[in-house]
Every structure is written in structure tokens, then in C-alpha cells.
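Text of coords-v4.pdb (PDB, C-alpha atoms) as supplied:
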ATOM      1  CA  MET A   1     -10.406  37.332 -15.087  1.00  0.00           C
ATOM      2  CA  LEU A   2      -9.682  37.041 -18.807  1.00  0.00           C
ATOM      3  CA  ASN A   3      -5.959  37.589 -18.163  1.00  0.00           C
ATOM      4  CA  LEU A   4      -5.774  35.113 -15.278  1.00  0.00           C
ATOM      5  CA  PRO A   5      -4.259  32.213 -17.312  1.00  0.00           C
ATOM      6  CA  ASN A   6      -1.512  34.471 -18.701  1.00  0.00           C
ATOM      7  CA  ILE A   7      -0.791  35.867 -15.236  1.00  0.00           C
ATOM      8  CA  LEU A   8      -0.394  32.317 -13.930  1.00  0.00           C
ATOM      9  CA  THR A   9       1.894  31.464 -16.852  1.00  0.00           C
ATOM     10  CA  MET A  10       4.086  34.491 -16.201  1.00  0.00           C
ATOM     11  CA  SER A  11       4.194  33.513 -12.512  1.00  0.00           C
ATOM     12  CA  ASN A  12       5.609  30.172 -13.676  1.00  0.00           C
ATOM     13  CA  LEU A  13       8.300  32.099 -15.579  1.00  0.00           C
ATOM     14  CA  PHE A  14       9.098  34.262 -12.543  1.00  0.00           C
ATOM     15  CA  CYS A  15       9.502  31.231 -10.287  1.00  0.00           C
ATOM     16  CA  GLY A  16      11.680  29.543 -12.917  1.00  0.00           C
ATOM     17  CA  CYS A  17      14.025  32.542 -12.969  1.00  0.00           C
ATOM     18  CA  CYS A  18      14.249  32.478  -9.157  1.00  0.00           C
ATOM     19  CA  ALA A  19      14.955  28.742  -9.180  1.00  0.00           C
ATOM     20  CA  PHE A  20      17.698  29.188 -11.782  1.00  0.00           C
ATOM     21  CA  MET A  21      19.491  31.815  -9.707  1.00  0.00           C
ATOM     22  CA  LEU A  22      19.222  29.751  -6.528  1.00  0.00           C
ATOM     23  CA  VAL A  23      20.774  26.767  -8.321  1.00  0.00           C
ATOM     24  CA  VAL A  24      23.650  28.942  -9.545  1.00  0.00           C
ATOM     25  CA  TYR A  25      24.192  30.243  -6.017  1.00  0.00           C
ATOM     26  CA  GLY A  26      24.273  26.742  -4.600  1.00  0.00           C
ATOM     27  CA  ARG A  27      20.832  26.382  -3.027  1.00  0.00           C
ATOM     28  CA  PRO A  28      18.954  23.645  -4.888  1.00  0.00           C
ATOM     29  CA  ASP A  29      16.990  23.042  -1.707  1.00  0.00           C
ATOM     30  CA  LEU A  30      15.435  26.506  -2.006  1.00  0.00           C
ATOM     31  CA  ALA A  31      15.264  26.244  -5.793  1.00  0.00           C
ATOM     32  CA  ALA A  32      13.109  23.153  -5.327  1.00  0.00           C
ATOM     33  CA  TRP A  33      10.365  25.259  -3.718  1.00  0.00           C
ATOM     34  CA  PHE A  34      10.315  27.689  -6.628  1.00  0.00           C
ATOM     35  CA  THR A  35      10.303  24.743  -9.029  1.00  0.00           C
ATOM     36  CA  LEU A  36       7.321  23.330  -7.153  1.00  0.00           C
ATOM     37  CA  ALA A  37       5.611  26.701  -7.562  1.00  0.00           C
ATOM     38  CA  SER A  38       6.378  26.581 -11.297  1.00  0.00           C
ATOM     39  CA  PHE A  39       4.661  23.169 -11.476  1.00  0.00           C
ATOM     40  CA  VAL A  40       1.606  24.539  -9.671  1.00  0.00           C
ATOM     41  CA  PHE A  41       1.359  27.564 -11.957  1.00  0.00           C
ATOM     42  CA  ASP A  42       1.938  25.371 -15.033  1.00  0.00           C
ATOM     43  CA  TYR A  43      -0.994  23.176 -14.022  1.00  0.00           C
ATOM     44  CA  ALA A  44      -3.153  26.108 -12.949  1.00  0.00           C
ATOM     45  CA  ASP A  45      -2.850  28.175 -16.129  1.00  0.00           C
ATOM     46  CA  GLY A  46      -4.223  25.377 -18.290  1.00  0.00           C
ATOM     47  CA  MET A  47      -7.010  24.596 -15.843  1.00  0.00           C
ATOM     48  CA  ALA A  48      -7.938  28.288 -15.649  1.00  0.00           C
ATOM     49  CA  ALA A  49      -7.968  28.629 -19.440  1.00  0.00           C
ATOM     50  CA  ARG A  50     -10.239  25.599 -19.802  1.00  0.00           C
ATOM     51  CA  ALA A  51     -12.534  26.707 -16.987  1.00  0.00           C
ATOM     52  CA  LEU A  52     -12.880  30.227 -18.421  1.00  0.00           C
ATOM     53  CA  LYS A  53     -12.919  28.945 -22.030  1.00  0.00           C
ATOM     54  CA  ILE A  54     -10.370  31.546 -23.080  1.00  0.00           C
ATOM     55  CA  ALA A  55      -7.535  29.497 -24.590  1.00  0.00           C
ATOM     56  CA  SER A  56      -5.550  31.671 -26.996  1.00  0.00           C
ATOM     57  CA  PRO A  57      -2.474  31.422 -29.280  1.00  0.00           C
ATOM     58  CA  LEU A  58      -0.734  33.970 -27.048  1.00  0.00           C
ATOM     59  CA  GLY A  59      -1.299  31.832 -23.981  1.00  0.00           C
ATOM     60  CA  LYS A  60       0.090  28.779 -25.763  1.00  0.00           C
ATOM     61  CA  GLU A  61       3.261  30.645 -26.764  1.00  0.00           C
ATOM     62  CA  LEU A  62       3.702  32.164 -23.296  1.00  0.00           C
ATOM     63  CA  ASP A  63       3.350  28.739 -21.720  1.00  0.00           C
ATOM     64  CA  SER A  64       6.175  27.299 -23.806  1.00  0.00           C
ATOM     65  CA  LEU A  65       8.418  30.327 -23.235  1.00  0.00           C
ATOM     66  CA  ALA A  66       7.932  29.997 -19.472  1.00  0.00           C
ATOM     67  CA  ASP A  67       8.580  26.258 -19.589  1.00  0.00           C
ATOM     68  CA  VAL A  68      11.878  26.747 -21.452  1.00  0.00           C
ATOM     69  CA  ILE A  69      13.170  28.534 -18.347  1.00  0.00           C
ATOM     70  CA  SER A  70      11.432  26.604 -15.561  1.00  0.00           C
ATOM     71  CA  PHE A  71      11.797  23.138 -17.080  1.00  0.00           C
ATOM     72  CA  GLY A  72      14.696  23.652 -19.482  1.00  0.00           C
ATOM     73  CA  ALA A  73      17.260  26.092 -18.130  1.00  0.00           C
ATOM     74  CA  VAL A  74      16.729  25.104 -14.486  1.00  0.00           C
ATOM     75  CA  PRO A  75      17.461  21.347 -14.818  1.00  0.00           C
ATOM     76  CA  ALA A  76      20.346  22.175 -17.189  1.00  0.00           C
ATOM     77  CA  ALA A  77      21.831  24.444 -14.518  1.00  0.00           C
ATOM     78  CA  MET A  78      21.483  21.638 -11.977  1.00  0.00           C
ATOM     79  CA  MET A  79      23.340  19.272 -14.303  1.00  0.00           C
ATOM     80  CA  TYR A  80      26.012  21.925 -14.848  1.00  0.00           C
ATOM     81  CA  MET A  81      26.555  22.329 -11.111  1.00  0.00           C
ATOM     82  CA  MET A  82      26.751  18.570 -10.541  1.00  0.00           C
ATOM     83  CA  LEU A  83      29.158  18.137 -13.444  1.00  0.00           C
ATOM     84  CA  SER A  84      31.322  20.959 -12.108  1.00  0.00           C
ATOM     85  CA  GLN A  85      31.604  19.243  -8.757  1.00  0.00           C
ATOM     86  CA  ALA A  86      32.240  15.851 -10.378  1.00  0.00           C
ATOM     87  CA  LEU A  87      35.004  17.262 -12.571  1.00  0.00           C
ATOM     88  CA  TYR A  88      36.552  19.424  -9.865  1.00  0.00           C
ATOM     89  CA  PRO A  89      35.833  17.703  -6.539  1.00  0.00           C
ATOM     90  CA  GLY A  90      38.080  20.132  -4.699  1.00  0.00           C
ATOM     91  CA  HIS A  91      35.716  22.980  -5.541  1.00  0.00           C
ATOM     92  CA  HIS A  92      32.677  23.003  -3.307  1.00  0.00           C
ATOM     93  CA  LEU A  93      29.446  22.651  -5.232  1.00  0.00           C
ATOM     94  CA  TYR A  94      27.390  24.394  -2.592  1.00  0.00           C
ATOM     95  CA  PRO A  95      29.484  27.078  -0.840  1.00  0.00           C
ATOM     96  CA  PRO A  96      27.931  30.090   0.891  1.00  0.00           C
ATOM     97  CA  ALA A  97      25.580  32.072  -1.313  1.00  0.00           C
ATOM     98  CA  PHE A  98      27.055  34.630  -3.703  1.00  0.00           C
ATOM     99  CA  GLN A  99      30.585  33.243  -3.395  1.00  0.00           C
ATOM    100  CA  PRO A 100      32.291  33.571  -6.809  1.00  0.00           C
ATOM    101  CA  ARG A 101      32.703  30.349  -8.770  1.00  0.00           C
ATOM    102  CA  LEU A 102      35.171  29.217 -11.377  1.00  0.00           C
ATOM    103  CA  PHE A 103      33.864  28.845 -14.910  1.00  0.00           C
ATOM    104  CA  ASN A 104      33.976  25.189 -15.924  1.00  0.00           C
ATOM    105  CA  PRO A 105      33.814  24.782 -19.718  1.00  0.00           C
ATOM    106  CA  GLU A 106      33.871  20.974 -19.417  1.00  0.00           C
ATOM    107  CA  ALA A 107      30.484  21.187 -17.703  1.00  0.00           C
ATOM    108  CA  LEU A 108      28.876  23.276 -20.453  1.00  0.00           C
ATOM    109  CA  PRO A 109      27.422  20.210 -22.252  1.00  0.00           C
ATOM    110  CA  ALA A 110      24.836  20.247 -19.453  1.00  0.00           C
ATOM    111  CA  PHE A 111      23.083  23.106 -21.254  1.00  0.00           C
ATOM    112  CA  VAL A 112      22.447  20.889 -24.272  1.00  0.00           C
ATOM    113  CA  LEU A 113      19.589  19.654 -22.082  1.00  0.00           C
ATOM    114  CA  ALA A 114      18.048  23.134 -22.244  1.00  0.00           C
ATOM    115  CA  MET A 115      18.416  23.102 -26.044  1.00  0.00           C
ATOM    116  CA  PHE A 116      16.518  19.828 -26.343  1.00  0.00           C
ATOM    117  CA  ALA A 117      13.904  21.027 -23.861  1.00  0.00           C
ATOM    118  CA  GLY A 118      13.268  23.992 -26.158  1.00  0.00           C
ATOM    119  CA  LEU A 119      13.097  21.658 -29.159  1.00  0.00           C
ATOM    120  CA  ARG A 120      10.686  19.380 -27.324  1.00  0.00           C
ATOM    121  CA  LEU A 121       8.408  22.307 -26.434  1.00  0.00           C
ATOM    122  CA  GLY A 122       8.450  23.577 -30.020  1.00  0.00           C
ATOM    123  CA  LYS A 123       7.475  20.122 -31.298  1.00  0.00           C
ATOM    124  CA  PHE A 124       4.751  19.871 -28.655  1.00  0.00           C
ATOM    125  CA  ASN A 125       3.128  23.092 -29.888  1.00  0.00           C
ATOM    126  CA  LEU A 126       2.902  21.697 -33.421  1.00  0.00           C
ATOM    127  CA  ASP A 127       1.962  18.107 -32.564  1.00  0.00           C
ATOM    128  CA  THR A 128      -1.788  17.515 -32.623  1.00  0.00           C
ATOM    129  CA  ARG A 129      -1.445  13.952 -31.306  1.00  0.00           C
ATOM    130  CA  GLN A 130      -0.712  14.962 -27.715  1.00  0.00           C
ATOM    131  CA  ALA A 131      -4.201  15.720 -26.486  1.00  0.00           C
ATOM    132  CA  ASN A 132      -4.364  13.268 -23.579  1.00  0.00           C
ATOM    133  CA  TYR A 133      -0.874  11.770 -23.581  1.00  0.00           C
ATOM    134  CA  PHE A 134       2.671  12.887 -24.331  1.00  0.00           C
ATOM    135  CA  ILE A 135       4.953  11.862 -27.164  1.00  0.00           C
ATOM    136  CA  GLY A 136       8.342  11.755 -25.475  1.00  0.00           C
ATOM    137  CA  LEU A 137       9.273  12.767 -21.947  1.00  0.00           C
ATOM    138  CA  SER A 138       7.680  16.031 -20.863  1.00  0.00           C
ATOM    139  CA  THR A 139       9.964  18.824 -19.689  1.00  0.00           C
ATOM    140  CA  PRO A 140       8.413  18.900 -16.180  1.00  0.00           C
ATOM    141  CA  ALA A 141       9.082  15.152 -15.802  1.00  0.00           C
ATOM    142  CA  CYS A 142      12.695  15.655 -16.908  1.00  0.00           C
ATOM    143  CA  THR A 143      13.037  18.445 -14.345  1.00  0.00           C
ATOM    144  CA  ILE A 144      11.682  16.231 -11.556  1.00  0.00           C
ATOM    145  CA  PHE A 145      14.255  13.552 -12.414  1.00  0.00           C
ATOM    146  CA  VAL A 146      17.212  15.967 -12.364  1.00  0.00           C
ATOM    147  CA  LEU A 147      15.930  17.752  -9.245  1.00  0.00           C
ATOM    148  CA  GLY A 148      15.848  14.451  -7.363  1.00  0.00           C
ATOM    149  CA  LEU A 149      19.509  13.845  -8.176  1.00  0.00           C
ATOM    150  CA  ALA A 150      20.553  17.380  -7.265  1.00  0.00           C
ATOM    151  CA  LEU A 151      18.747  17.285  -3.922  1.00  0.00           C
ATOM    152  CA  ALA A 152      20.189  13.852  -3.098  1.00  0.00           C
ATOM    153  CA  VAL A 153      23.692  15.201  -3.753  1.00  0.00           C
ATOM    154  CA  PHE A 154      23.018  18.378  -1.783  1.00  0.00           C
ATOM    155  CA  ASN A 155      21.730  16.445   1.243  1.00  0.00           C
ATOM    156  CA  GLN A 156      24.317  13.650   0.812  1.00  0.00           C
ATOM    157  CA  ARG A 157      21.445  11.175   0.831  1.00  0.00           C
ATOM    158  CA  PHE A 158      22.692   7.561   0.645  1.00  0.00           C
ATOM    159  CA  GLN A 159      26.139   8.984  -0.127  1.00  0.00           C
ATOM    160  CA  ALA A 160      24.833  10.273  -3.442  1.00  0.00           C
ATOM    161  CA  ASP A 161      27.622  12.854  -3.462  1.00  0.00           C
ATOM    162  CA  VAL A 162      30.047   9.917  -3.778  1.00  0.00           C
ATOM    163  CA  TRP A 163      28.431   7.579  -6.317  1.00  0.00           C
ATOM    164  CA  LEU A 164      26.425  10.093  -8.339  1.00  0.00           C
ATOM    165  CA  LEU A 165      29.111  12.720  -8.865  1.00  0.00           C
ATOM    166  CA  ASN A 166      30.794  10.670 -11.538  1.00  0.00           C
ATOM    167  CA  PRO A 167      31.377  12.777 -14.677  1.00  0.00           C
ATOM    168  CA  TRP A 168      30.948   9.802 -17.005  1.00  0.00           C
ATOM    169  CA  LEU A 169      27.621   8.908 -15.418  1.00  0.00           C
ATOM    170  CA  LEU A 170      26.397  12.481 -15.738  1.00  0.00           C
ATOM    171  CA  TYR A 171      27.683  12.773 -19.297  1.00  0.00           C
ATOM    172  CA  ALA A 172      25.819   9.547 -20.139  1.00  0.00           C
ATOM    173  CA  LEU A 173      22.597  10.834 -18.590  1.00  0.00           C
ATOM    174  CA  LEU A 174      22.591  13.942 -20.785  1.00  0.00           C
ATOM    175  CA  PRO A 175      22.109  12.247 -24.182  1.00  0.00           C
ATOM    176  CA  LEU A 176      19.640   9.811 -22.627  1.00  0.00           C
ATOM    177  CA  LEU A 177      17.473  12.631 -21.292  1.00  0.00           C
ATOM    178  CA  CYS A 178      17.795  14.579 -24.552  1.00  0.00           C
ATOM    179  CA  TYR A 179      16.699  11.514 -26.504  1.00  0.00           C
ATOM    180  CA  LEU A 180      13.701  10.899 -24.245  1.00  0.00           C
ATOM    181  CA  LEU A 181      12.574  14.522 -24.614  1.00  0.00           C
ATOM    182  CA  ILE A 182      12.248  14.287 -28.399  1.00  0.00           C
ATOM    183  CA  SER A 183      11.517  10.564 -28.719  1.00  0.00           C
ATOM    184  CA  GLU A 184       8.356   9.096 -30.225  1.00  0.00           C
ATOM    185  CA  ILE A 185       7.603   7.082 -27.077  1.00  0.00           C
ATOM    186  CA  PRO A 186       3.962   7.573 -25.962  1.00  0.00           C
ATOM    187  CA  MET A 187       3.798   8.450 -22.269  1.00  0.00           C
ATOM    188  CA  PHE A 188       0.893   8.882 -19.907  1.00  0.00           C
ATOM    189  CA  GLY A 189      -0.478  12.394 -19.524  1.00  0.00           C
ATOM    190  CA  LEU A 190      -0.992  13.077 -15.826  1.00  0.00           C
ATOM    191  CA  LYS A 191      -2.690  16.459 -15.890  1.00  0.00           C
ATOM    192  CA  ILE A 192      -6.028  16.893 -14.131  1.00  0.00           C
ATOM    193  CA  LYS A 193      -8.699  17.626 -16.732  1.00  0.00           C
ATOM    194  CA  ARG A 194     -11.803  16.359 -14.931  1.00  0.00           C
ATOM    195  CA  PHE A 195     -12.489  15.911 -11.250  1.00  0.00           C
ATOM    196  CA  ASP A 196     -13.553  12.271 -11.198  1.00  0.00           C
ATOM    197  CA  LEU A 197     -11.840   9.090 -10.031  1.00  0.00           C
ATOM    198  CA  SER A 198     -11.758   7.219 -13.341  1.00  0.00           C
ATOM    199  CA  SER A 199     -10.095  10.097 -15.199  1.00  0.00           C
ATOM    200  CA  ASN A 200      -7.378  10.451 -12.566  1.00  0.00           C
ATOM    201  CA  ALA A 201      -6.787   6.796 -11.619  1.00  0.00           C
ATOM    202  CA  MET A 202      -3.291   6.709 -13.129  1.00  0.00           C
ATOM    203  CA  LEU A 203      -2.333  10.002 -11.459  1.00  0.00           C
ATOM    204  CA  LEU A 204      -3.577   8.773  -8.077  1.00  0.00           C
ATOM    205  CA  GLY A 205      -1.691   5.510  -8.545  1.00  0.00           C
ATOM    206  CA  PHE A 206       1.561   7.348  -9.210  1.00  0.00           C
ATOM    207  CA  ALA A 207       0.894   9.593  -6.184  1.00  0.00           C
ATOM    208  CA  VAL A 208       0.549   6.551  -3.893  1.00  0.00           C
ATOM    209  CA  VAL A 209       3.711   4.944  -5.295  1.00  0.00           C
ATOM    210  CA  PHE A 210       5.599   8.222  -4.958  1.00  0.00           C
ATOM    211  CA  ALA A 211       4.537   8.651  -1.324  1.00  0.00           C
ATOM    212  CA  THR A 212       5.767   5.132  -0.587  1.00  0.00           C
ATOM    213  CA  LEU A 213       9.067   5.732  -2.361  1.00  0.00           C
ATOM    214  CA  TRP A 214       9.567   9.021  -0.517  1.00  0.00           C
ATOM    215  CA  PHE A 215       9.280   7.215   2.809  1.00  0.00           C
ATOM    216  CA  PHE A 216      12.256   5.010   1.896  1.00  0.00           C
ATOM    217  CA  LEU A 217      14.281   7.080  -0.569  1.00  0.00           C
ATOM    218  CA  HIS A 218      13.472  10.688   0.337  1.00  0.00           C
ATOM    219  CA  GLU A 219      14.666  13.065  -2.425  1.00  0.00           C
ATOM    220  CA  LEU A 220      15.767  10.205  -4.684  1.00  0.00           C
ATOM    221  CA  ALA A 221      12.106   9.221  -4.938  1.00  0.00           C
ATOM    222  CA  LEU A 222      11.702  12.120  -7.375  1.00  0.00           C
ATOM    223  CA  SER A 223      14.129  10.487  -9.804  1.00  0.00           C
ATOM    224  CA  VAL A 224      12.911   6.934  -9.241  1.00  0.00           C
ATOM    225  CA  ILE A 225       9.258   7.799  -9.878  1.00  0.00           C
ATOM    226  CA  ILE A 226      10.187   9.273 -13.265  1.00  0.00           C
ATOM    227  CA  VAL A 227      12.138   6.127 -14.178  1.00  0.00           C
ATOM    228  CA  LEU A 228       9.061   4.070 -13.266  1.00  0.00           C
ATOM    229  CA  TYR A 229       6.836   6.466 -15.224  1.00  0.00           C
ATOM    230  CA  VAL A 230       8.936   6.005 -18.376  1.00  0.00           C
ATOM    231  CA  LEU A 231       9.131   2.219 -17.999  1.00  0.00           C
ATOM    232  CA  ILE A 232       5.405   1.831 -17.321  1.00  0.00           C
ATOM    233  CA  SER A 233       4.598   4.058 -20.301  1.00  0.00           C
ATOM    234  CA  ILE A 234       6.781   1.869 -22.536  1.00  0.00           C
ATOM    235  CA  PHE A 235       5.295  -1.416 -21.307  1.00  0.00           C
ATOM    236  CA  LEU A 236       1.717  -0.102 -21.463  1.00  0.00           C
ATOM    237  CA  LYS A 237       2.161   1.674 -24.789  1.00  0.00           C
ATOM    238  CA  ASN A 238      -1.170   0.483 -26.204  1.00  0.00           C
ATOM    239  CA  LYS A 239      -3.054   1.683 -23.123  1.00  0.00           C
ATOM    240  CA  VAL A 240      -1.340   5.083 -23.369  1.00  0.00           C
ATOM    241  CA  ILE A 241      -2.429   5.482 -26.988  1.00  0.00           C
ATOM    242  CA  ALA A 242      -5.965   4.293 -26.184  1.00  0.00           C
ATOM    243  CA  SER A 243      -6.295   7.107 -23.628  1.00  0.00           C
ATOM    244  CA  ASN A 244      -6.322   9.719 -26.420  1.00  0.00           C
TER     245      ASN A 244
END

Encoded form (C-alpha cells):
Amino acid sequence: MLNLPNILTMSNLFCGCCAFMLVVYGRPDLAAWFTLASFVFDYADGMAARALKIASPLGKELDSLADVISFGAVPAAMMYMMLSQALYPGHHLYPPAFQPRLFNPEALPAFVLAMFAGLRLGKFNLDTRQANYFIGLSTPACTIFVLGLALAVFNQRFQADVWLLNPWLLYALLPLLCYLLISEIPMFGLKIKRFDLSSNAMLLGFAVVFATLWFFLHELALSVIIVLYVLISIFLKNKVIASN
């Protein structure tokens, strides 16, 4: 039982590796399930550590190392694949699995997102302010935003493969996301720490809004809910800080 949190953390890492490979081989739809599993394990390891009262420096380091893959490399790979298709529309973004792909150096800036995700996680480990809220956009939230775009393109939802696969739009999103990851903007922490209504009111509110958005927007709801999350956190900055 004492190793349970670390086992859950390493399961997060395993699922992140699987998601990364599925993105590279053109199956973001399947990668999404492994990313969901990474989210579950990322939540569960912290809850298990608190329940068993066995938080350790090793667990903290393992958690960040796993998150660099699951919530750093994976969304960067998604951005790379979308940029590749935007820059070379004649090359299919999602051909049959294991079909060789051309290397697209113009799409490599997508992996700057992974660099800033690593920087954000390093800062998080040293920042004592982020007990009940985040300073800057969390890496899981960034991943949700990018995953929503990738799935909308993959499923051609609302013709997203037409309007979203614009290289200048994607290039513009990269510095914006990188900035948000390391910004000093206080943002609501939505992790479950206690099982009572008052402690989870904000989380439940976002869940209801997300369910409504999903009904109308489907996969794009993932991206829209993160935009709303950032905007609400900015407008309710004082309430975010008071939650600490």
C-alpha cells in the first residue's frame, strides 16, 4: 500500500507514452482515452498519498516527470501534427496507422510547448503559493485545450479541419499557451481534496457547464471550457486568491 501513489504516478507516465505514440501514428481519438487515463491517475496518486499520509519527495519528483510526458510532450505532438497538416495540406494528417510520414521542420516550434510545460512543472515544485490554486495555466488544462482542437480536426467537427488548420493561427496559439503556462495569473484549483459540496462547488459548476457545452459543441467543448476557465479565473482573481 505504501507504494500505491508511486504506482499510480507511473501508470500516468505509461498512459502518456501510449498517447504520444497514438498521436504520432494519427489516432488522436484513441490517444484521448489514454490521456483521460493519465488525468485519472494524476488525480488518484495525490488523493492516495493524502489518504495514506505518505507524501514523499520522490513522489513529488515522479509526478512532475510523468506530467512532462502526459501533459507536455503529448499536447506538443498534437500541435506538431496539426501544424504539419496546415503547412502541407496535401499530406494526410491521419493516414492509416504506421504509415511513414515526412519530417516537417517548420512544425517543430510545436515542441516549444513541451519545453514550457517542463518549465511550468519545475516552477510548480518550488512555488509554495499553489496550495489550493494555480499560478498560471496547469499542464493538464493546457492539454485539454489542445486535445479539443485535435479531436475537432480529426472528426471534422464544424469544419474545424478548414478553419483551424491555419498555420498562422496555430503559430499564434503556441506563444499564448506558453505564456499562460508560466504566467503569474492565479487560477482556480479544481482538484478534489474533500468530499463535501462547499469545497467542490466550483468544480461541480464547471462540470455542469462542460456537459452543456458538449451537447452543442462536442469535442470543441474541451477547448471552450478551458477558455472559460482562464477568463473566469482572471475576472475572479480575488476569489481565487482567497481560496488559498

Problem - Selected residue, from A:Leu119, A:Leu4, A:Met47, A:Ala73, that lies nearest to Cys18 of chain A when counting only C-alpha atoms - result: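 For Cys18 of chain A, the nearest of the candidates is A:Ala73.
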
Which neighbours of Leu165 of chain A fall inside 10 Å, counting all atoms listed in the file, when residues of the same chain fewer than 6 positions from it are skipped, and could you give them as an mmCIF file with C-alpha atoms, in the frame of the given file?
data_model
loop_
_atom_site.group_PDB
_atom_site.id
_atom_site.type_symbol
_atom_site.label_atom_id
_atom_site.label_comp_id
_atom_site.auth_asym_id
_atom_site.auth_seq_id
_atom_site.Cartn_x
_atom_site.Cartn_y
_atom_site.Cartn_z
ATOM 1 C CA MET A 82 26.751 18.570 -10.541
ATOM 2 C CA LEU A 83 29.158 18.137 -13.444
ATOM 3 C CA SER A 84 31.322 20.959 -12.108
ATOM 4 C CA GLN A 85 31.604 19.243 -8.757
ATOM 5 C CA ALA A 86 32.240 15.851 -10.378
ATOM 6 C CA LEU A 87 35.004 17.262 -12.571
ATOM 7 C CA PRO A 89 35.833 17.703 -6.539
ATOM 8 C CA LEU A 149 19.509 13.845 -8.176
ATOM 9 C CA ALA A 150 20.553 17.380 -7.265
ATOM 10 C CA VAL A 153 23.692 15.201 -3.753
ATOM 11 C CA GLN A 159 26.139 8.984 -0.127
#

Practice task
Around the point (18.3, 15.2, -18.1), in the coordinates given by the file, pick out the residues reaching within 6 Å, counting only C-alpha atoms, and return them as a VMD selection string.
Solution key: chain A and resid 142 146 174 177

Exercise for the section: Would you list the contacts of Pro186 of chain A as number ranges by chain, taking every protein, DNA or RNA residue within 7 Å and counting only C-alpha atoms, but skipping same-chain residues closer than 6 positions in sequence? Expected result: A: 133-136, 233, 237, 240-241

Exercise for the section: Choose the residue, out of A:Ser223, A:Ser38, A:Ser183, A:Ser70, that has the smallest atom-to-atom separation from Leu151 of chain A; count only C-alpha atoms. Expected result: A:Ser223

Exercise for the section: Would you translate the PyMOL selection byres ((chain A and resi 7) around 12) into the concrete set of residues it matches in this file, as a PyMOL selection string? Expected result: chain A and resi 1-6+8-14+41-42+44-46+48-49+58-59+62-63+66

Exercise for the section: Might you pull out every residue within 10 Å of Tyr171 of chain A, with all atoms listed in the file counted and same-chain residues fewer than 5 positions away left off, and present them as a list in words? Expected result: Met79, Leu83, Ala107, Pro109, Ala110, Asn166 and Leu176 of chain A

Exercise for the section: Have a look at A:Leu164, A:Val74, A:Leu65, A:Leu108 and name the one nearest to Leu121 of chain A; count all atoms listed in the file. Expected result: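 Looking only at the distances to Leu121 of chain A, the closest residue turns out to be A:Leu65.
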
Practice task
Give me the result of the PyMOL selection byres ((chain A and resi 206) around 12) on this file, residue by residue, as a list in words.
Solution key: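 Here the PyMOL selection byres ((chain A and resi 206) around 12) matches Phe188, Gly189, Leu190, Asn200, Ala201, Met202, Leu203, Leu204, Gly205, Ala207, Val208, Val209, Phe210, Ala211, Thr212, Leu213, Trp214, Ala221, Leu222, Val224, Ile225, Ile226, Val227, Leu228, Tyr229, Val230, Ile232 and Ser233 of chain A.
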
Exercise for the section: Grab the atom CA of Cys17 of chain A to atom CA of Gly118 of chain A distance for me, in Å with one decimal place. Expected result: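 Going from atom CA of Cys17 of chain A over to atom CA of Gly118 of chain A, I get 15.7 Å.
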
Handout entry: For Tyr88 of chain A, the nearest of the candidates A:Asn155, A:Arg27, A:Ala76, A:Pro167, counting only C-alpha atoms
Key = A:Pro167

Handout entry: Contact residues around Pro28 of chain A with only C-alpha atoms at 9 Å, ignoring same-chain residues under 5 positions, as a ChimeraX atom specification
Key = /A:19-20,22-23,33,78,94,147,150-151,154

Draw an axis-aligned box over all listed atoms of segment 169-179 of chain A, pad each side with 5 Å, and write its centre and edge lengths in Å, one decimal, as JSON.
{"center_x": 22.2, "center_y": 11.7, "center_z": -21.0, "size_x": 21.0, "size_y": 15.7, "size_z": 21.1}

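When atom CA of Thr35 of chain A is paired with atom CA of Gly16 of chain A, their separation reads 6.3 Å.
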
Exercise for the section: Have a look at A:Tyr179, A:Phe158, A:Tyr25, A:Tyr80 and name the one nearest to Leu137 of chain A; count only C-alpha atoms. Expected result: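 Using only C-alpha atoms, Leu137 of chain A sits closest to A:Tyr179.
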
Completion exercise
With distances taken over all atoms listed in the file, the candidate from A:Cys178, A:Ile69, A:Leu126, A:Leu170 nearest Pro57 of chain A is A:Leu126

Fill in the blank from the handout: Between atom CA of Leu36 of chain A and atom CA of Cys15 of chain A lies a distance of 8.8 Å

Regenerate segment 175-186 of chain A at the level of N, CA and C atoms and dump it as a tab-separated table (two decimals), in the frame of the given file.
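part32.tsv was written with the following content:
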chain	number	residue	atom	x	y	z
A	175	PRO	N	22.72	12.67	-22.91
A	175	PRO	CA	22.11	12.25	-24.18
A	175	PRO	C	20.87	11.39	-23.98
A	176	LEU	N	20.82	10.62	-22.90
A	176	LEU	CA	19.64	9.81	-22.63
A	176	LEU	C	18.42	10.69	-22.39
A	177	LEU	N	18.58	11.72	-21.56
A	177	LEU	CA	17.47	12.63	-21.29
A	177	LEU	C	17.08	13.41	-22.55
A	178	CYS	N	18.08	13.85	-23.31
A	178	CYS	CA	17.80	14.58	-24.55
A	178	CYS	C	17.01	13.70	-25.52
A	179	TYR	N	17.41	12.44	-25.62
A	179	TYR	CA	16.70	11.51	-26.50
A	179	TYR	C	15.25	11.33	-26.05
A	180	LEU	N	15.05	11.13	-24.76
A	180	LEU	CA	13.70	10.90	-24.24
A	180	LEU	C	12.80	12.11	-24.49
A	181	LEU	N	13.37	13.32	-24.41
A	181	LEU	CA	12.57	14.52	-24.61
A	181	LEU	C	11.98	14.59	-26.02
A	182	ILE	N	12.72	14.15	-27.02
A	182	ILE	CA	12.25	14.29	-28.40
A	182	ILE	C	11.89	12.94	-29.02
A	183	SER	N	11.82	11.90	-28.21
A	183	SER	CA	11.52	10.56	-28.72
A	183	SER	C	10.05	10.46	-29.14
A	184	GLU	N	9.73	9.37	-29.80
A	184	GLU	CA	8.36	9.10	-30.22
A	184	GLU	C	7.66	8.12	-29.28
A	185	ILE	N	8.18	8.00	-28.05
A	185	ILE	CA	7.60	7.08	-27.08
A	185	ILE	C	6.34	7.70	-26.47
A	186	PRO	N	5.18	7.05	-26.60
A	186	PRO	CA	3.96	7.57	-25.96
A	186	PRO	C	4.06	7.43	-24.44
